file target-v5.cif (mmCIF, C-alpha atoms)
data_data
loop_
_atom_site.label_atom_id
_atom_site.label_comp_id
_atom_site.auth_asym_id
_atom_site.auth_seq_id
_atom_site.Cartn_x
_atom_site.Cartn_y
_atom_site.Cartn_z
CA MET A 6 93.37 57.16 79.98
CA ASN A 7 93.19 58.05 83.69
CA LYS A 8 91.58 55.80 86.29
CA LYS A 9 88.44 57.90 86.76
CA LEU A 10 87.72 57.95 83.03
CA LEU A 11 88.39 54.22 82.77
CA TYR A 12 85.90 53.48 85.57
CA LYS A 13 83.29 55.67 83.91
CA PHE A 14 83.83 53.90 80.58
CA LEU A 15 83.55 50.49 82.25
CA SER A 16 80.35 51.44 84.07
CA VAL A 17 78.76 52.63 80.80
CA LEU A 18 79.86 49.40 79.15
CA PHE A 19 78.33 47.42 82.02
CA ALA A 20 75.02 49.33 81.67
CA LEU A 21 74.97 48.66 77.90
CA ILE A 22 75.64 44.94 78.39
CA LEU A 23 72.89 44.78 81.02
CA TRP A 24 70.49 46.58 78.66
CA GLN A 25 71.39 44.19 75.82
CA LEU A 26 70.78 41.18 78.09
CA VAL A 27 67.37 42.46 79.24
CA ALA A 28 66.43 43.21 75.61
CA ILE A 29 67.39 39.64 74.64
CA ILE A 30 65.28 38.24 77.51
CA VAL A 31 62.26 40.46 76.62
CA ASN A 32 62.77 39.57 72.97
CA ALA A 33 60.30 42.15 71.65
CA ASP A 34 61.67 45.32 70.02
CA PHE A 35 58.42 47.24 70.56
CA LEU A 36 58.71 46.70 74.33
CA LEU A 37 62.45 47.26 74.74
CA ALA A 38 64.76 47.87 71.82
CA SER A 39 68.30 46.60 72.25
CA PRO A 40 71.25 49.04 72.27
CA ILE A 41 72.40 47.60 68.95
CA SER A 42 69.06 48.30 67.25
CA VAL A 43 68.98 51.78 68.85
CA ILE A 44 72.45 52.59 67.48
CA LYS A 45 71.39 51.23 64.07
CA ARG A 46 68.22 53.36 64.12
CA LEU A 47 70.17 56.39 65.33
CA SER A 48 72.59 56.16 62.41
CA GLU A 49 69.62 56.01 60.02
CA LEU A 50 67.98 59.02 61.70
CA VAL A 51 71.14 61.15 61.64
CA PHE A 52 71.42 60.76 57.88
CA SER A 53 67.71 61.26 57.21
CA ASN A 54 66.48 64.45 55.49
CA SER A 55 64.44 65.73 58.40
CA PHE A 56 67.00 65.12 61.19
CA LEU A 57 68.77 68.48 61.08
CA SER A 58 65.56 70.50 60.76
CA THR A 59 63.97 68.55 63.66
CA VAL A 60 67.00 69.08 65.88
CA LEU A 61 67.23 72.76 64.94
CA PHE A 62 63.51 73.28 65.58
CA SER A 63 63.78 72.03 69.17
CA PHE A 64 67.30 73.35 69.83
CA LEU A 65 66.46 76.94 68.84
CA ARG A 66 63.28 77.05 70.90
CA ILE A 67 64.68 75.35 74.00
CA SER A 68 67.87 77.45 73.86
CA GLY A 69 65.78 80.58 73.34
CA GLY A 70 63.70 79.76 76.42
CA PHE A 71 66.80 78.96 78.44
CA LEU A 72 68.72 82.08 77.41
CA SER A 73 65.82 84.44 78.04
CA ALA A 74 65.24 82.85 81.47
CA PHE A 75 68.95 83.11 82.17
CA LEU A 76 69.12 86.82 81.34
CA ILE A 77 65.77 87.82 82.88
CA GLY A 78 66.52 85.67 85.96
CA ILE A 79 69.79 87.56 86.50
CA VAL A 80 68.21 91.00 85.94
CA PHE A 81 65.28 90.25 88.28
CA ALA A 82 67.62 88.85 90.95
CA VAL A 83 69.76 92.00 90.78
CA ILE A 84 66.62 94.15 91.17
CA SER A 85 65.43 91.96 94.06
CA GLY A 86 68.86 92.23 95.65
CA ARG A 87 68.56 96.01 95.59
CA PHE A 88 64.86 96.40 96.38
CA LYS A 89 63.38 94.08 98.99
CA LEU A 90 59.84 95.03 97.89
CA PHE A 91 60.50 93.62 94.42
CA GLU A 92 61.68 90.35 95.97
CA TYR A 93 58.46 90.12 97.98
CA LEU A 94 56.35 90.92 94.92
CA LEU A 95 58.03 88.20 92.91
CA TRP A 96 58.02 85.63 95.70
CA PRO A 97 54.52 84.11 95.12
CA PHE A 98 55.20 83.73 91.38
CA VAL A 99 58.56 82.03 91.94
CA VAL A 100 57.14 79.68 94.59
CA THR A 101 54.15 78.82 92.37
CA VAL A 102 56.29 78.07 89.32
CA LYS A 103 58.62 75.96 91.46
CA SER A 104 55.89 73.83 92.99
CA VAL A 105 53.24 73.44 90.24
CA PRO A 106 53.82 70.35 88.03
CA ILE A 107 55.17 71.37 84.66
CA ALA A 108 52.48 69.29 82.87
CA SER A 109 49.80 71.60 84.34
CA PHE A 110 51.58 74.63 82.87
CA ILE A 111 52.00 72.93 79.50
CA ILE A 112 48.30 72.11 79.25
CA LEU A 113 47.35 75.60 80.42
CA CYS A 114 49.71 77.23 77.94
CA LEU A 115 48.41 75.09 75.07
CA ILE A 116 45.26 77.21 75.23
CA TRP A 117 47.10 80.51 75.20
CA LEU A 118 50.20 80.02 73.09
CA SER A 119 51.03 78.85 69.59
CA PHE A 120 52.94 75.57 69.21
CA GLY A 121 56.15 77.44 68.40
CA GLN A 122 55.87 79.64 71.48
CA LEU A 123 54.97 76.77 73.82
CA THR A 124 58.44 75.18 73.95
CA VAL A 125 60.16 78.55 74.44
CA PHE A 126 57.81 79.54 77.24
CA ILE A 127 57.94 76.22 79.09
CA ALA A 128 61.76 76.13 78.93
CA PHE A 129 61.74 79.72 80.21
CA LEU A 130 59.32 78.89 83.00
CA ILE A 131 61.30 75.96 84.31
CA VAL A 132 64.69 77.72 84.18
CA PHE A 133 63.72 81.17 85.45
CA PRO A 134 63.18 80.25 89.15
CA VAL A 135 66.43 78.27 89.23
CA VAL A 136 68.52 81.14 87.85
CA TYR A 137 66.64 83.80 89.83
CA SER A 138 66.92 81.98 93.19
CA ASN A 139 70.57 81.06 92.70
CA VAL A 140 71.66 84.53 91.64
CA LEU A 141 69.70 86.15 94.48
CA GLN A 142 71.38 83.78 96.92
CA GLY A 143 74.74 84.75 95.41
CA ILE A 144 73.96 88.45 95.82
CA LYS A 145 72.91 87.90 99.43
CA SER A 146 76.10 86.01 100.17
CA ALA A 147 78.28 88.88 98.91
CA SER A 148 80.98 89.84 101.40
CA LYS A 149 79.54 92.26 103.97
CA ASN A 150 83.07 93.57 104.54
CA LEU A 151 83.47 94.50 100.89
CA VAL A 152 80.02 96.10 100.81
CA GLU A 153 81.12 98.20 103.79
CA VAL A 154 84.25 99.27 101.89
CA ALA A 155 82.08 100.18 98.89
CA ASN A 156 79.74 102.22 101.10
CA LEU A 157 82.64 104.03 102.76
CA TYR A 158 84.09 105.12 99.42
CA ASN A 159 80.71 105.76 97.75
CA ILE A 160 81.56 103.33 95.00
CA PRO A 161 79.05 103.45 92.12
CA PHE A 162 76.72 100.52 91.48
CA LYS A 163 78.40 99.39 88.25
CA ARG A 164 81.76 98.99 89.99
CA ARG A 165 80.15 97.20 92.96
CA LEU A 166 78.53 94.82 90.49
CA ILE A 167 81.83 93.99 88.79
CA TYR A 168 84.01 93.73 91.90
CA ILE A 169 81.65 92.42 94.58
CA TYR A 170 78.48 90.91 93.22
CA ILE A 171 79.60 89.16 90.02
CA PRO A 172 82.39 87.22 91.81
CA SER A 173 79.86 86.38 94.52
CA ILE A 174 77.18 85.08 92.12
CA LYS A 175 79.70 83.25 89.90
CA PRO A 176 79.52 79.79 91.56
CA PHE A 177 75.74 80.07 91.95
CA LEU A 178 75.31 81.09 88.30
CA VAL A 179 77.51 78.26 87.02
CA SER A 180 75.56 75.72 89.04
CA ALA A 181 72.21 77.25 87.95
CA SER A 182 73.22 77.09 84.29
CA ASN A 183 74.34 73.45 84.55
CA VAL A 184 71.08 72.42 86.23
CA GLY A 185 68.97 74.78 84.11
CA ILE A 186 70.10 73.47 80.72
CA GLY A 187 69.17 69.90 81.61
CA MET A 188 65.81 71.05 82.99
CA ALA A 189 65.12 73.18 79.90
CA TRP A 190 65.62 70.16 77.63
CA LYS A 191 63.45 67.90 79.79
CA ALA A 192 60.62 70.41 80.10
CA GLY A 193 60.91 71.67 76.51
CA VAL A 194 60.67 68.18 75.03
CA ALA A 195 57.80 67.32 77.43
CA ALA A 196 55.95 70.39 76.12
CA GLU A 197 56.54 69.23 72.54
CA VAL A 198 55.24 65.74 73.36
CA ILE A 199 52.11 66.94 75.19
CA GLY A 200 51.49 69.63 72.58
CA VAL A 201 52.20 67.13 69.75
CA ILE A 202 54.30 69.77 68.01
CA ASP A 203 55.01 68.76 64.45
CA GLY A 204 58.63 68.84 63.27
CA SER A 205 60.04 68.82 66.79
CA ILE A 206 61.98 66.15 68.70
CA GLY A 207 59.01 65.86 71.08
CA GLY A 208 56.76 65.30 68.07
CA LYS A 209 59.01 62.44 66.97
CA LEU A 210 58.84 60.95 70.48
CA TYR A 211 55.03 61.15 70.32
CA ASP A 212 55.01 59.36 66.92
CA ALA A 213 57.29 56.67 68.36
CA LYS A 214 54.86 56.15 71.22
CA ILE A 215 51.81 55.97 68.93
CA TYR A 216 53.42 53.50 66.48
CA LEU A 217 55.23 51.51 69.23
CA LEU A 218 58.61 52.33 67.68
CA ASN A 219 60.74 51.70 70.73
CA SER A 220 64.04 51.97 68.87
CA ASP A 221 62.96 55.40 67.52
CA LEU A 222 61.97 56.50 71.01
CA LEU A 223 65.33 55.52 72.49
CA ALA A 224 67.31 56.86 69.50
CA TRP A 225 65.68 60.29 69.90
CA THR A 226 66.31 60.08 73.64
CA VAL A 227 70.01 59.60 72.92
CA VAL A 228 69.86 62.68 70.66
CA ILE A 229 68.22 64.71 73.48
CA ILE A 230 70.87 63.63 75.99
CA ALA A 231 73.66 64.47 73.53
CA LEU A 232 72.20 67.90 72.78
CA SER A 233 71.67 68.62 76.48
CA VAL A 234 75.23 67.67 77.39
CA LEU A 235 76.64 69.58 74.40
CA SER A 236 74.64 72.73 75.27
CA GLU A 237 75.82 72.47 78.87
CA LYS A 238 79.48 72.18 77.85
CA ILE A 239 79.30 75.07 75.36
CA PHE A 240 77.47 77.35 77.79
CA SER A 241 79.85 76.52 80.66
CA MET A 242 82.76 77.40 78.39
CA LEU A 243 81.14 80.71 77.40
CA LEU A 244 80.48 81.58 81.05
CA LYS A 245 84.09 80.77 81.95
CA ILE A 246 85.36 83.10 79.20
CA ILE A 247 83.00 85.91 80.31
CA PHE A 248 84.06 85.61 83.97
CA GLU A 249 87.74 85.52 83.04
CA ARG A 250 87.31 88.71 81.03
CA ILE A 251 85.54 90.45 83.92
CA GLU A 252 88.31 89.43 86.35
CA LYS A 253 90.93 90.91 84.02
CA ILE A 254 89.33 94.37 84.18
CA MET B 16 89.35 122.26 110.88
CA SER B 17 89.77 120.19 114.05
CA ILE B 18 87.73 117.04 114.52
CA ILE B 19 85.87 117.24 117.83
CA ILE B 20 84.49 114.20 119.63
CA ASN B 21 82.27 114.93 122.62
CA ASP B 22 81.07 112.46 125.27
CA LEU B 23 80.86 109.46 122.99
CA THR B 24 79.18 106.40 124.50
CA LYS B 25 78.64 103.03 122.88
CA LYS B 26 77.25 99.85 124.39
CA TYR B 27 76.89 96.36 122.94
CA GLY B 28 74.12 94.79 124.98
CA GLU B 29 75.15 95.16 128.60
CA LYS B 30 78.78 95.86 127.82
CA THR B 31 79.87 99.50 127.66
CA VAL B 32 82.68 99.79 125.13
CA LEU B 33 83.04 103.58 125.13
CA SER B 34 81.93 105.79 127.96
CA ASP B 35 81.76 109.60 127.63
CA PHE B 36 84.85 109.65 125.47
CA SER B 37 86.03 113.05 124.23
CA LEU B 38 88.89 113.98 121.94
CA LYS B 39 90.04 116.82 119.69
CA ILE B 40 92.15 116.04 116.64
CA GLU B 41 93.86 118.98 114.97
CA ASP B 42 93.87 119.40 111.21
CA LYS B 43 96.68 117.35 109.59
CA GLU B 44 97.54 115.85 112.98
CA LYS B 45 98.64 112.25 113.25
CA ILE B 46 97.43 110.51 116.37
CA THR B 47 97.74 106.96 117.57
CA VAL B 48 95.05 105.27 119.61
CA MET B 49 96.38 102.51 121.83
CA GLY B 50 94.96 100.30 124.52
CA PRO B 51 94.31 96.70 125.46
CA SER B 52 92.12 94.43 123.33
CA GLY B 53 88.41 95.14 123.74
CA CYS B 54 88.92 98.66 125.10
CA GLY B 55 86.95 100.20 122.20
CA LYS B 56 89.68 101.32 119.77
CA THR B 57 88.05 99.77 116.73
CA THR B 58 84.60 100.91 117.86
CA LEU B 59 85.86 104.47 118.19
CA ILE B 60 87.37 104.62 114.70
CA ARG B 61 84.33 102.89 113.18
CA ILE B 62 82.10 105.54 114.75
CA ILE B 63 84.35 108.31 113.40
CA ALA B 64 84.16 106.72 109.93
CA GLY B 65 80.36 106.57 110.15
CA LEU B 66 80.31 102.77 110.10
CA GLU B 67 78.72 102.56 113.56
CA ILE B 68 76.23 104.81 115.31
CA PRO B 69 77.06 105.87 118.88
CA ASP B 70 74.44 105.60 121.62
CA SER B 71 75.14 109.16 122.65
CA GLY B 72 77.63 111.95 122.12
CA GLU B 73 78.54 114.07 119.15
CA LEU B 74 81.12 114.27 116.39
CA LEU B 75 81.93 117.61 114.83
CA ASN B 76 83.83 118.51 111.65
CA VAL B 77 84.46 114.94 110.56
CA PRO B 78 85.53 115.15 106.91
CA GLU B 79 83.28 113.55 104.29
CA LYS B 80 86.12 111.86 102.46
CA ILE B 81 87.49 109.16 104.75
CA SER B 82 89.83 106.35 103.81
CA PHE B 83 90.25 103.26 105.96
CA VAL B 84 92.79 100.47 106.30
CA PHE B 85 90.71 97.81 108.02
CA GLN B 86 92.08 95.17 110.36
CA GLU B 87 91.19 92.61 107.67
CA ASN B 88 92.47 93.16 104.13
CA ARG B 89 88.98 93.24 102.58
CA LEU B 90 90.25 92.76 99.04
CA CYS B 91 88.46 91.50 95.94
CA GLU B 92 90.28 88.18 95.89
CA ASP B 93 89.73 87.29 92.21
CA PHE B 94 91.10 90.62 90.98
CA SER B 95 94.66 91.86 90.60
CA ALA B 96 96.43 94.30 92.93
CA VAL B 97 96.00 97.10 90.38
CA SER B 98 92.29 96.30 89.98
CA ASN B 99 91.82 96.31 93.74
CA VAL B 100 93.15 99.85 93.92
CA MET B 101 90.99 100.84 90.95
CA PHE B 102 87.95 99.44 92.78
CA VAL B 103 88.23 102.42 95.10
CA THR B 104 89.89 105.04 92.87
CA GLY B 105 88.01 104.39 89.65
CA LYS B 106 89.69 106.41 86.92
CA SER B 107 90.57 109.32 89.20
CA ILE B 108 94.23 108.32 89.04
CA SER B 109 96.09 106.65 86.20
CA LYS B 110 97.02 102.99 86.02
CA GLU B 111 100.69 104.04 85.81
CA GLU B 112 100.43 105.91 89.11
CA ILE B 113 98.85 102.87 90.76
CA GLU B 114 101.57 100.61 89.34
CA ASP B 115 104.32 103.01 90.55
CA ASN B 116 102.91 103.06 94.07
CA LEU B 117 102.53 99.30 94.24
CA LYS B 118 106.12 98.98 93.01
CA LEU B 119 107.24 101.29 95.81
CA LEU B 120 105.59 98.83 98.20
CA GLY B 121 107.61 95.98 96.72
CA LEU B 122 104.86 94.49 94.60
CA SER B 123 106.52 94.86 91.18
CA ASP B 124 106.13 91.19 90.28
CA SER B 125 102.56 90.91 91.49
CA LEU B 126 100.79 93.87 89.90
CA TYR B 127 98.45 91.81 87.75
CA LYS B 128 98.24 88.56 89.68
CA PRO B 129 94.90 87.77 91.37
CA VAL B 130 95.38 88.80 95.00
CA LYS B 131 94.12 85.39 96.14
CA ASN B 132 97.51 84.08 94.96
CA LEU B 133 99.51 86.63 97.00
CA SER B 134 100.98 86.13 100.47
CA GLY B 135 99.42 87.69 103.57
CA GLY B 136 102.05 90.44 103.69
CA MET B 137 101.56 91.29 100.01
CA LYS B 138 97.79 91.48 100.45
CA ARG B 139 98.32 93.81 103.41
CA ARG B 140 100.38 96.16 101.23
CA VAL B 141 97.70 96.13 98.53
CA ALA B 142 95.12 97.07 101.17
CA ILE B 143 97.37 99.93 102.37
CA ALA B 144 97.95 101.17 98.79
CA ARG B 145 94.21 101.07 98.12
CA ALA B 146 93.49 103.26 101.13
CA LEU B 147 96.33 105.70 100.48
CA LEU B 148 95.65 106.20 96.78
CA SER B 149 91.98 107.03 97.26
CA ASP B 150 90.79 110.61 97.57
CA TYR B 151 90.49 111.39 101.30
CA ASP B 152 90.82 114.09 103.96
CA LEU B 153 91.00 111.72 106.92
CA LEU B 154 92.86 108.42 106.94
CA ILE B 155 92.02 105.82 109.57
CA MET B 156 94.27 102.79 109.94
CA ASP B 157 93.41 99.85 112.17
CA GLU B 158 96.59 97.87 112.81
CA PRO B 159 97.79 98.37 109.25
CA PHE B 160 101.19 96.74 109.67
CA LYS B 161 99.91 93.53 111.19
CA GLY B 162 101.50 90.55 109.44
CA LEU B 163 104.45 92.48 107.98
CA ASP B 164 107.98 91.51 109.02
CA GLU B 165 110.09 94.14 110.80
CA GLU B 166 112.16 95.21 107.80
CA LEU B 167 109.15 95.48 105.53
CA LYS B 168 107.16 97.23 108.24
CA LEU B 169 109.71 100.05 108.40
CA SER B 170 109.73 100.63 104.65
CA VAL B 171 105.92 100.53 104.45
CA LEU B 172 105.68 102.86 107.45
CA GLN B 173 108.04 105.26 105.69
CA TYR B 174 105.88 105.11 102.57
CA VAL B 175 102.73 105.80 104.60
CA LYS B 176 104.43 108.74 106.38
CA GLU B 177 105.48 110.21 103.05
CA LYS B 178 102.01 109.83 101.49
CA THR B 179 100.15 111.28 104.49
CA LYS B 180 102.36 114.34 105.09
CA ASP B 181 99.53 116.84 104.81
CA LYS B 182 96.66 114.63 105.95
CA THR B 183 94.89 113.95 109.21
CA VAL B 184 95.53 110.37 110.31
CA ILE B 185 94.12 108.22 113.11
CA PHE B 186 96.25 105.16 113.65
CA VAL B 187 95.36 102.21 115.86
CA THR B 188 98.08 99.85 117.01
CA HIS B 189 99.29 97.71 119.89
CA ASN B 190 102.91 98.47 119.07
CA LEU B 191 104.40 101.45 120.91
CA ASP B 192 107.41 101.67 118.56
CA GLU B 193 105.13 101.99 115.52
CA ALA B 194 103.12 104.63 117.36
CA LYS B 195 106.22 106.68 118.24
CA LEU B 196 107.62 106.43 114.73
CA PHE B 197 104.43 107.48 113.06
CA SER B 198 102.41 109.81 115.18
CA GLU B 199 102.65 113.10 117.03
CA ARG B 200 100.33 112.15 119.88
CA ILE B 201 99.34 108.88 121.53
CA ILE B 202 95.91 108.45 123.11
CA ASN B 203 95.52 105.59 125.55
CA LEU B 204 92.08 104.03 125.79
CA ILE B 205 91.72 102.09 129.00
#
call {"tool": "encode", "arguments": {"input": "target-v5.cif", "output": "structure tokens"}}
result
Amino acid sequence: MNKKLLYKFLSVLFALILWQLVAIIVNADFLLASPISVIKRLSELVFSNSFLSTVLFSFLRISGGFLSAFLIGIVFAVISGRFKLFEYLLWPFVVTVKSVPIASFIILCLIWLSFGQLTVFIAFLIVFPVVYSNVLQGIKSASKNLVEVANLYNIPFKRRLIYIYIPSIKPFLVSASNVGIGMAWKAGVAAEVIGVIDGSIGGKLYDAKIYLLNSDLLAWTVVIIALSVLSEKIFSMLLKIIFERIEKI
Amino acid sequence: MSIIINDLTKKYGEKTVLSDFSLKIEDKEKITVMGPSGCGKTTLIRIIAGLEIPDSGELLNVPEKISFVFQENRLCEDFSAVSNVMFVTGKSISKEEIEDNLKLLGLSDSLYKPVKNLSGGMKRRVAIARALLSDYDLLIMDEPFKGLDEELKLSVLQYVKEKTKDKTVIFVTHNLDEAKLFSERIINLI
């Protein structure tokens, strides 16, 4: 085990011990469940009949929202990079979505969308501006020298995209995806809680709140964190493979 | 057809870089433009290539297809040497031809390595190959041999001479020996 990993492990251990101590002092599971009771509850949940369907329900919708925001964000940023007018047209929407509290959107969307659509749309809404802004910044930071070469040789757009713009947006896209996945899970689950969506992780969090089941609340939170981290790792790996393939062209 | 440059003037703010400059370049002629730093060599060739607009003057019969070896390498750093040439050529020439030319420039072991991992001299040769393998009627080279050691410079210069036999070339350098070896006429910008 290297030093960095050891320090991380020790800091997690320290946090868990601290949590256990506070839980012992509070001495009321409905106020603060101890890590031991959370782990116990988590192991019960994982083997329960509804666990997989609950996880799948939220995972598919949040991932759907994230992926559509990711793709549409890239496409819109490319269009904005080419046509300034499009960037100006989109600007008020992007600024509004960035600054309006997500709870306002969730409540507004509850009127317009079905429960199933709500999570997808909210995850989309929170991720889209992040991907769009990052990719547009990447396009704008493309090497002026290379663009001049491309202009001199009348290089078609597809080749410019592969050789100039994709390498330029790569670091911005990787960072947007890492941030975006975490945000999609936070906003998606918040939408499920506010919308009281049955059969979702957010729905389970809502039940835990109503029935003061603190160990359930924290156990589901652990599940959310695990899913968020796992999604981030898988997506980062996929992006890495895609970029490597492009660079081998 | 000869390229004709008439009374070209270019200013950057208060500073006049080119003043009523005129020149005629014959078809397939190889000329070298020399002069001290800041005398307007790069500005002149950038105007000829259509990368800058002059304040006044005219350019006649400048070919549409121009290739350029810039002072900087301007390569796609994440891509291989072969890919960098293909960036400009597309599929107009075969991969084998690109590989053969890069091998002639001493890049046999680095054909498919990302250029970011190559040395300065190797990158320079990739930039030269990219310009020479593209489809052009006029080749402009701005200090193309900068960063190459003497021995390598001679072999690359020989390769460039061979490849540009029936082309019009404008060559910018500070080195009189390079100019004499390569070109038929030397223009001094003062």
call {"tool": "residues_around", "arguments": {"input": "target-v5.cif", "residues": "Leu163 (chain B)", "least_positions_apart": "2", "cutoff": "12 Å", "atoms": "all atoms listed in the file", "output": "ChimeraX atom specification"}}
result
/B:120,134-140,143,158-161,165-172
call {"tool": "interface_residues", "arguments": {"input": "target-v5.cif", "of": "chain A", "to": "chain B", "cutoff": "10 Å", "atoms": "all atoms listed in the file", "output": "ChimeraX atom specification"}}
result
/A:148-161,164-165,167-169,172,249,251-254
call {"tool": "residues_around", "arguments": {"input": "target-v5.cif", "residues": "Pro51 (chain B)", "least_positions_apart": "3", "cutoff": "9 Å", "atoms": "only C-alpha atoms", "output": "ChimeraX atom specification"}}
result
/B:54-56,189,203-205
call {"tool": "resolve_selection", "arguments": {"input": "target-v5.cif", "expression": "the PyMOL selection byres ((chain A and resi 225) around 9)", "output": "list of chain:residue names"}}
result
A:Leu47, A:Leu50, A:Ile206, A:Gly207, A:Lys209, A:Leu210, A:Ser220, A:Asp221, A:Leu222, A:Leu223, A:Ala224, A:Thr226, A:Val227, A:Val228, A:Ile229, A:Ile230
call {"tool": "atom_distance", "arguments": {"input": "target-v5.cif", "atom1": "CA of Asn32 (chain A)", "atom2": "CA of Leu18 (chain A)"}}
result
20.7 Å
call {"tool": "atom_distance", "arguments": {"input": "target-v5.cif", "atom1": "CA of Leu74 (chain B)", "atom2": "CA of Ser37 (chain B)"}}
result
9.3 Å
call {"tool": "resolve_selection", "arguments": {"input": "target-v5.cif", "expression": "the PyMOL selection byres ((chain A and resi 76) around 12)", "output": "list in words"}}
result
Gly69, Gly70, Phe71, Leu72, Ser73, Ala74, Phe75, Ile77, Gly78, Ile79, Val80, Phe81, Ala82, Val83, Phe129, Val132, Phe133, Pro134, Val135, Val136, Tyr137, Val140, Leu178 and Ser182 of chain A
call {"tool": "residues_around", "arguments": {"input": "target-v5.cif", "residues": "Thr183 (chain B)", "least_positions_apart": "6", "cutoff": "6 Å", "atoms": "only C-alpha atoms", "output": "list in words"}}
result
Asp42, Lys43, Glu44, Lys45 and Leu153 of chain B
call {"tool": "closest_residue", "arguments": {"input": "target-v5.cif", "among": "A:Leu130, A:Ile44, A:Val99, A:Ile30", "to": "Ala189 (chain A)", "atoms": "only C-alpha atoms"}}
result
A:Leu130
call {"tool": "atom_distance", "arguments": {"input": "target-v5.cif", "atom1": "CA of Ile40 (chain B)", "atom2": "CA of Ile108 (chain B)"}}
result
28.7 Å
call {"tool": "resolve_selection", "arguments": {"input": "target-v5.cif", "expression": "the PyMOL selection byres ((chain A and resi 192) around 8)", "output": "list of chain:residue names"}}
result
A:Ile107, A:Ile127, A:Ala128, A:Ile131, A:Met188, A:Ala189, A:Trp190, A:Lys191, A:Gly193, A:Val194, A:Ala195, A:Ala196
call {"tool": "closest_residue", "arguments": {"input": "target-v5.cif", "among": "A:Arg87, A:Asn54, A:Arg66, A:Met242", "to": "Phe162 (chain A)", "atoms": "only C-alpha atoms"}}
result
A:Arg87
call {"tool": "closest_residue", "arguments": {"input": "target-v5.cif", "among": "B:Thr24, B:Lys30, B:Gln86, B:Met49", "to": "Glu73 (chain B)", "atoms": "only C-alpha atoms"}}
result
B:Thr24
call {"tool": "closest_residue", "arguments": {"input": "target-v5.cif", "among": "A:Tyr211, A:Phe177, A:Phe19, A:Trp24", "to": "Leu244 (chain A)", "atoms": "all atoms listed in the file"}}
result
A:Phe177
call {"tool": "residues_around", "arguments": {"input": "target-v5.cif", "residues": "Trp96 (chain A)", "least_positions_apart": "4", "cutoff": "10 Å", "atoms": "only C-alpha atoms", "output": "JSON list (two decimals) with C-alpha atoms, in the frame of the given file"}}
result
[["chain", "number", "residue", "atom", "x", "y", "z"],
["A", 85, "SER", "CA", 65.43, 91.96, 94.06],
["A", 90, "LEU", "CA", 59.84, 95.03, 97.89],
["A", 91, "PHE", "CA", 60.50, 93.62, 94.42],
["A", 92, "GLU", "CA", 61.68, 90.35, 95.97],
["A", 100, "VAL", "CA", 57.14, 79.68, 94.59],
["A", 101, "THR", "CA", 54.15, 78.82, 92.37],
["A", 134, "PRO", "CA", 63.18, 80.25, 89.15],
["A", 138, "SER", "CA", 66.92, 81.98, 93.19]]
